[in-house]
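Novice: Sharing data.cif (mmCIF, C-alpha atoms) below.
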```cif
data_coords
loop_
_atom_site.label_atom_id
_atom_site.label_comp_id
_atom_site.auth_asym_id
_atom_site.auth_seq_id
_atom_site.Cartn_x
_atom_site.Cartn_y
_atom_site.Cartn_z
CA MET A 122 -71.49 26.09 65.97
CA THR A 123 -74.00 25.81 63.15
CA SER A 124 -73.25 27.05 59.65
CA LEU A 125 -75.51 30.05 60.28
CA GLN A 126 -73.66 30.89 63.50
CA ILE A 127 -70.32 30.61 61.72
CA ALA A 128 -71.51 32.91 58.93
CA ALA A 129 -72.74 35.44 61.49
CA ALA A 130 -69.44 35.26 63.35
CA ASN A 131 -67.46 35.90 60.18
CA ALA A 132 -69.62 38.89 59.32
CA ALA A 133 -69.25 40.33 62.82
CA LEU A 134 -65.51 39.70 63.11
CA ARG A 135 -64.47 40.94 59.65
CA ALA A 136 -63.88 44.48 60.93
CA LYS A 137 -62.30 43.40 64.23
CA SER A 138 -58.59 43.36 65.04
CA ALA A 139 -56.70 40.09 65.48
CA PRO A 140 -56.59 40.47 69.30
CA GLU A 141 -60.36 41.09 69.34
CA ILE A 142 -60.95 37.98 67.21
CA ILE A 143 -58.79 35.95 69.60
CA GLU A 144 -60.60 37.30 72.66
CA TRP A 145 -63.95 36.38 71.08
CA ALA A 146 -62.75 32.87 70.27
CA ILE A 147 -61.27 32.29 73.73
CA ALA A 148 -64.66 33.15 75.20
CA GLN A 149 -66.31 30.54 72.96
CA ALA A 150 -63.75 27.88 73.90
CA GLN A 151 -64.83 27.46 77.54
CA GLY A 152 -61.25 26.68 78.55
CA ARG A 153 -60.55 24.40 75.59
CA ALA A 154 -58.58 26.44 73.06
CA ILE A 155 -55.29 25.53 71.44
CA VAL A 156 -52.99 27.05 68.85
CA SER A 157 -51.04 24.91 66.39
CA THR A 158 -47.68 25.78 64.89
CA ASN A 159 -44.95 24.37 62.69
CA PHE A 160 -42.56 27.29 63.32
CA ARG A 161 -42.56 28.26 59.66
CA PRO A 162 -42.06 31.89 58.54
CA TYR A 163 -44.34 34.37 60.34
CA GLU A 164 -45.59 31.82 62.91
CA ALA A 165 -44.18 34.07 65.63
CA VAL A 166 -46.94 36.57 64.82
CA LEU A 167 -49.81 34.23 65.74
CA LEU A 168 -47.99 32.74 68.73
CA HIS A 169 -47.34 36.22 70.12
CA LEU A 170 -50.91 37.38 69.49
CA VAL A 171 -52.55 34.35 71.09
CA SER A 172 -50.19 34.01 74.05
CA ARG A 173 -50.79 37.66 74.98
CA VAL A 174 -54.50 36.87 75.40
CA GLN A 175 -54.04 33.44 77.03
CA PRO A 176 -50.43 32.92 78.18
CA ASP A 177 -50.91 29.24 79.08
CA ILE A 178 -52.70 28.18 75.89
CA PRO A 179 -51.49 24.76 74.70
CA VAL A 180 -49.32 25.04 71.58
CA LEU A 181 -49.64 21.89 69.47
CA TRP A 182 -46.59 21.02 67.34
CA ALA A 183 -46.56 17.86 65.24
CA ASP A 184 -42.82 17.48 64.69
CA HIS A 185 -42.29 15.01 61.84
CA GLY A 186 -38.57 14.84 62.62
CA TYR A 187 -37.37 16.30 59.32
CA ASN A 188 -37.17 19.98 60.23
CA ARG A 189 -33.98 21.83 59.45
CA LEU A 190 -31.57 22.90 62.17
CA ALA A 191 -32.62 26.55 61.88
CA THR A 192 -36.27 25.61 62.49
CA TYR A 193 -35.48 23.65 65.64
CA ARG A 194 -33.38 26.55 66.91
CA HIS A 195 -36.15 29.01 66.07
CA ALA A 196 -38.65 26.85 67.98
CA GLY A 197 -36.39 26.92 71.03
CA VAL A 198 -35.98 30.69 70.85
CA LEU A 199 -39.73 31.30 70.57
CA GLN A 200 -40.56 28.84 73.32
CA GLU A 201 -38.24 30.66 75.71
CA ARG A 202 -39.10 34.16 74.53
CA LEU A 203 -42.89 33.71 74.67
CA GLN A 204 -42.93 31.10 77.47
CA LEU A 205 -44.97 28.82 75.25
CA ASN A 206 -46.90 25.93 76.75
CA LEU A 207 -45.53 23.69 74.00
CA LYS A 208 -47.10 20.28 73.42
CA ALA A 209 -44.90 18.44 70.92
CA TYR A 210 -46.12 15.23 69.31
CA VAL A 211 -43.81 13.05 67.25
CA PRO A 212 -44.51 10.12 64.89
CA LYS A 213 -44.51 6.57 66.18
CA MET A 214 -41.80 5.90 63.59
CA THR A 215 -38.52 7.84 63.83
CA ALA A 216 -37.08 9.62 60.81
CA ALA A 217 -34.23 7.10 60.65
CA HIS A 218 -36.70 4.21 60.72
CA TYR A 219 -38.80 5.80 57.97
CA ASN A 220 -35.71 6.36 55.86
CA ALA A 221 -34.67 2.72 56.24
CA LEU A 222 -38.09 1.29 55.39
CA CYS A 223 -39.29 3.78 52.79
CA GLY A 224 -36.11 5.11 51.23
CA GLY A 225 -36.31 8.61 52.67
CA VAL A 226 -38.65 11.51 52.09
CA PRO A 227 -40.31 11.34 48.66
CA GLU A 228 -39.69 14.30 46.39
CA TRP A 229 -42.92 15.88 45.26
CA THR A 230 -43.85 15.60 41.59
CA PRO A 231 -47.34 15.15 40.14
CA GLU A 232 -46.50 11.47 39.67
CA ASN A 233 -45.31 11.21 43.27
CA GLU A 234 -48.39 12.78 44.83
CA GLN A 235 -49.61 9.62 46.59
CA ARG A 236 -46.19 8.87 48.11
CA VAL A 237 -46.01 12.37 49.56
CA LYS A 238 -49.52 12.00 50.98
CA ASP A 239 -48.54 8.66 52.52
CA PHE A 240 -45.49 10.29 54.12
CA SER A 241 -47.66 13.08 55.52
CA ALA A 242 -50.22 10.64 56.91
CA VAL A 243 -47.64 8.62 58.85
CA MET A 244 -45.18 11.32 59.91
CA LYS A 245 -47.35 14.41 60.39
CA LEU A 246 -51.08 13.75 60.37
CA GLU A 247 -51.01 10.81 62.79
CA PRO A 248 -49.12 12.66 65.56
CA PHE A 249 -51.26 15.74 64.97
CA ARG A 250 -54.45 13.71 65.29
CA ARG A 251 -53.11 12.18 68.50
CA GLY A 252 -52.46 15.67 69.87
CA MET A 253 -55.91 16.88 68.90
CA LYS A 254 -57.52 13.85 70.54
CA GLU A 255 -55.66 14.39 73.81
CA LEU A 256 -56.12 18.17 73.94
CA ALA A 257 -59.73 18.00 72.61
CA PRO A 258 -60.09 21.68 71.68
CA ARG A 259 -63.34 23.48 71.01
CA ILE A 260 -61.35 26.24 69.29
CA TRP A 261 -58.23 25.68 67.20
CA PHE A 262 -56.21 28.78 66.28
CA THR A 263 -54.14 28.63 63.09
CA ALA A 264 -52.00 31.07 61.08
CA LEU A 265 -53.83 30.31 57.82
CA ARG A 266 -54.02 33.31 55.47
CA LYS A 267 -56.12 33.93 52.39
CA ASN A 268 -53.13 34.72 50.14
CA GLN A 269 -51.17 31.52 50.83
CA ASN A 270 -52.63 29.16 48.23
CA PRO A 271 -55.82 28.57 46.19
CA HIS A 272 -57.33 26.17 48.76
CA ARG A 273 -57.09 28.74 51.55
CA GLU A 274 -58.73 31.48 49.49
CA GLY A 275 -62.05 29.74 50.10
CA LEU A 276 -61.76 29.77 53.90
CA ASP A 277 -62.50 32.58 56.36
CA LEU A 278 -61.79 33.80 59.88
CA VAL A 279 -63.96 31.08 61.41
CA VAL A 280 -64.54 27.69 59.78
CA ALA A 281 -65.82 24.30 60.86
CA ASP A 282 -63.07 21.70 60.63
CA ALA A 283 -64.38 18.27 59.67
CA ASN A 284 -60.99 16.53 59.94
CA PHE A 285 -60.73 17.14 63.69
CA ASN A 286 -64.34 18.00 64.59
CA THR A 287 -63.61 21.45 65.94
CA ILE A 288 -63.89 25.14 65.07
CA LYS A 289 -60.85 26.62 63.39
CA VAL A 290 -60.16 30.31 63.94
CA ASN A 291 -57.69 32.14 61.70
CA PRO A 292 -57.08 35.59 63.26
CA VAL A 293 -54.60 36.79 60.60
CA PHE A 294 -56.55 35.37 57.66
CA TYR A 295 -56.77 38.70 55.82
CA TRP A 296 -53.25 39.90 56.67
CA SER A 297 -50.71 40.50 53.91
CA ASP A 298 -47.01 39.62 54.07
CA THR A 299 -46.38 43.31 54.76
CA ASP A 300 -48.77 43.22 57.72
CA MET A 301 -46.92 40.21 59.10
CA GLU A 302 -43.51 41.83 58.59
CA ASN A 303 -44.66 45.00 60.31
CA TYR A 304 -45.93 43.07 63.31
CA LEU A 305 -42.63 41.20 63.65
CA GLN A 306 -40.70 44.48 63.57
CA GLN A 307 -43.08 46.24 65.93
CA HIS A 308 -42.65 43.54 68.57
CA ASP A 309 -39.02 42.66 67.78
CA LEU A 310 -39.90 39.05 67.00
CA PRO A 311 -37.63 36.62 65.15
CA ASN A 312 -38.52 34.94 61.86
CA GLU A 313 -37.36 31.71 60.21
CA TRP A 314 -36.76 31.55 56.47
CA ASP A 315 -34.97 28.20 56.21
CA TYR A 316 -38.17 26.25 56.93
CA PHE A 317 -39.13 23.35 54.67
CA ASP A 318 -41.94 20.86 55.23
CA PRO A 319 -41.54 17.61 53.25
CA ALA A 320 -45.15 16.71 54.08
CA LYS A 321 -46.20 19.74 52.06
CA ALA A 322 -43.23 19.94 49.67
CA ASP A 323 -44.65 22.87 47.69
CA GLU A 324 -46.32 26.06 48.94
CA LYS A 325 -49.31 25.50 46.65
CA ARG A 326 -50.00 22.07 48.18
CA GLU A 327 -51.63 21.17 51.48
CA CYS A 328 -49.99 18.71 53.86
CA GLY A 329 -53.43 17.38 54.74
CA LEU A 330 -54.18 19.13 58.01
CA HIS A 331 -56.49 21.61 56.31
CA ALA A 332 -57.71 19.53 53.36
CA ALA A 333 -60.39 16.84 53.18
CA TRP A 334 -57.98 14.19 51.93
CA GLY A 335 -55.99 14.52 55.16
CA GLY A 336 -58.87 13.31 57.29
CA GLN A 337 -59.31 10.30 55.05
CA ALA A 338 -55.58 9.55 54.97
CA VAL A 339 -54.99 9.68 58.70
CA ALA A 340 -58.02 7.44 59.31
CA ARG A 341 -56.19 4.72 57.39
CA VAL A 342 -52.97 4.97 59.46
#
```
Translate the structure described by the file into structure tokens.
Specialist:
Amino acid sequence: MTSLQIAAANAALRAKSAPEIIEWAIAQAQGRAIVSTNFRPYEAVLLHLVSRVQPDIPVLWADHGYNRLATYRHAGVLQERLQLNLKAYVPKMTAAHYNALCGGVPEWTPENEQRVKDFSAVMKLEPFRRGMKELAPRIWFTALRKNQNPHREGLDLVVADANFNTIKVNPVFYWSDTDMENYLQQHDLPNEWDYFDPAKADEKRECGLHAAWGGQAVARV
């Protein structure tokens, strides 16, 4: 899609519901749509929405190996409940191997920024890139929302993604936390509040999947 086509799509879809946005995007995908997840809070909303439109849609999960027990259990519950076509990709280096060589997950501080980015590149971005290469989507659904952090405020429902050379569609981009909570309750869906991503470390940071530095970092791995 050209920049003009993307702008027109955003204008046309702004008043549409999330299911309508998903149906539009599936039609553009020509059989090559995926949805990504990390099973963080509220991810059940997007997974439920997308799987209702396309039940067999591939669900890409780059599992860095450092998720908490509650997150792995939550992933299992959602996979069974929604019959997800889960495609899990893991790093080439195990968590134990990374710990032995690199001294464990780096704690994020401004001074530690590069170490956290290096961790993300090896343990999250590389397996994600591998998954994107194998699945080769035209359309990539995400749960990005405008209110999550300053970087995401500048995005929209439909954006061109330079890191993975695809079109990213964010059906719940304008939803509030209350909207997400209401959807979970309406459909009796579970949530997961114990989630922590060491590749992101702080909610105001990006792990690299949706930021320009991520594309540069994973190219070096």
Novice: Taking 2 positions as the minimum chain separation for residues in the same chain, which residues sit within 7 Å of A:Pro227 when counting all atoms listed in the file? Answer as a short mmCIF file (atom, residue, chain, number, x, y, z; two decimals) with C-alpha atoms, in the coordinates of the input.
Specialist:
```
data_model
loop_
_atom_site.label_atom_id
_atom_site.label_comp_id
_atom_site.auth_asym_id
_atom_site.auth_seq_id
_atom_site.Cartn_x
_atom_site.Cartn_y
_atom_site.Cartn_z
CA GLY A 225 -36.31 8.61 52.67
CA TRP A 229 -42.92 15.88 45.26
CA ARG A 236 -46.19 8.87 48.11
CA VAL A 237 -46.01 12.37 49.56
#
```
Novice: For A:Met214, which residue out of A:Glu234, A:Arg194, A:Met253, A:Asp184 is the nearest one, using all atoms listed in the file?
Specialist: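 Selected residue with least distance to A:Met214: A:Asp184.
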Novice: If we count only C-alpha atoms, what is near stretch 150-163 of chain A at a cut-off of 8 Å, once residues fewer than 3 positions away on the same chain are taken out, given as a ChimeraX atom specification?
Specialist: /A:146-147,166-168,171,178-184,192,195-196,256-264,301-302,305,312-314,316-317
Novice: Could you expand the PyMOL selection byres ((chain A and resi 213) around 9) into the explicit residues it covers here, written as JSON, numbers by chain?
Specialist: {"A": [211, 212, 214, 215, 243, 244, 247, 248]}
Novice: Would you work out the distance separating atom CA of A:Leu278 from atom CA of A:Trp145, expressed in Å to one decimal?
Specialist: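 That distance, rounded to one decimal, is 11.7 Å.
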Novice: One number please: atom CA of A:Thr123 to atom CA of A:Lys137, in Å, one decimal.
Specialist: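 Between these atoms lies a distance of 21.2 Å.
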Novice: Just checking: using all atoms listed in the file, which residue out of A:Ser241, A:His308, A:Leu330, A:Thr299 ends up closest to A:Ala283?
Specialist: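 Using all atoms listed in the file, the shortest distance to A:Ala283 belongs to A:Leu330.
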Novice: What gap, in Å, lies between atom CA of A:Asn284 and atom CA of A:Gly336?
Specialist: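 Atom-to-atom, atom CA of A:Asn284 to atom CA of A:Gly336, that is 4.7 Å.
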Novice: Using all atoms listed in the file for the distances, tell me which of A:Asn303, A:Ala209, A:Pro319, A:Tyr295 is nearest to A:Ala136.
Specialist: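 Of the candidates, the smallest distance to A:Ala136 is held by A:Tyr295.
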Novice: Tell me which of A:Ala165, A:Phe240, A:Ala133, A:Val290 sits closest to A:Gly224, counting all atoms listed in the file.
Specialist: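 Closest residue, counting all atoms listed in the file: A:Phe240.
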Novice: Convert the output of the PyMOL selection byres ((chain A and resi 205) around 10) on the shown file into explicit residues, formatted as an mmCIF file with C-alpha atoms, keeping the file's coordinate frame.
Specialist:
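File selection.cif, as written:
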```cif
data_model
loop_
_atom_site.group_PDB
_atom_site.id
_atom_site.type_symbol
_atom_site.label_atom_id
_atom_site.label_comp_id
_atom_site.auth_asym_id
_atom_site.auth_seq_id
_atom_site.Cartn_x
_atom_site.Cartn_y
_atom_site.Cartn_z
ATOM 1 C CA LEU A 168 -47.990 32.740 68.730
ATOM 2 C CA HIS A 169 -47.340 36.220 70.120
ATOM 3 C CA SER A 172 -50.190 34.010 74.050
ATOM 4 C CA PRO A 176 -50.430 32.920 78.180
ATOM 5 C CA ASP A 177 -50.910 29.240 79.080
ATOM 6 C CA ILE A 178 -52.700 28.180 75.890
ATOM 7 C CA PRO A 179 -51.490 24.760 74.700
ATOM 8 C CA VAL A 180 -49.320 25.040 71.580
ATOM 9 C CA ALA A 196 -38.650 26.850 67.980
ATOM 10 C CA GLY A 197 -36.390 26.920 71.030
ATOM 11 C CA LEU A 199 -39.730 31.300 70.570
ATOM 12 C CA GLN A 200 -40.560 28.840 73.320
ATOM 13 C CA GLU A 201 -38.240 30.660 75.710
ATOM 14 C CA ARG A 202 -39.100 34.160 74.530
ATOM 15 C CA LEU A 203 -42.890 33.710 74.670
ATOM 16 C CA GLN A 204 -42.930 31.100 77.470
ATOM 17 C CA ASN A 206 -46.900 25.930 76.750
ATOM 18 C CA LEU A 207 -45.530 23.690 74.000
ATOM 19 C CA LYS A 208 -47.100 20.280 73.420
#
```
Novice: Using only C-alpha atoms, which residue out of A:Ala139, A:Ala128, A:Val226, A:Leu265 lies closest to A:Lys238?
Specialist: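 Answer, going by the shortest atom-to-atom distance: A:Val226.
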Novice: Which is closer to A:Asn131 than all the others in A:Ala191, A:Cys223, A:Leu246, A:Val280, using all atoms listed in the file?
Specialist: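 Under the stated criterion, the closest residue is A:Val280.
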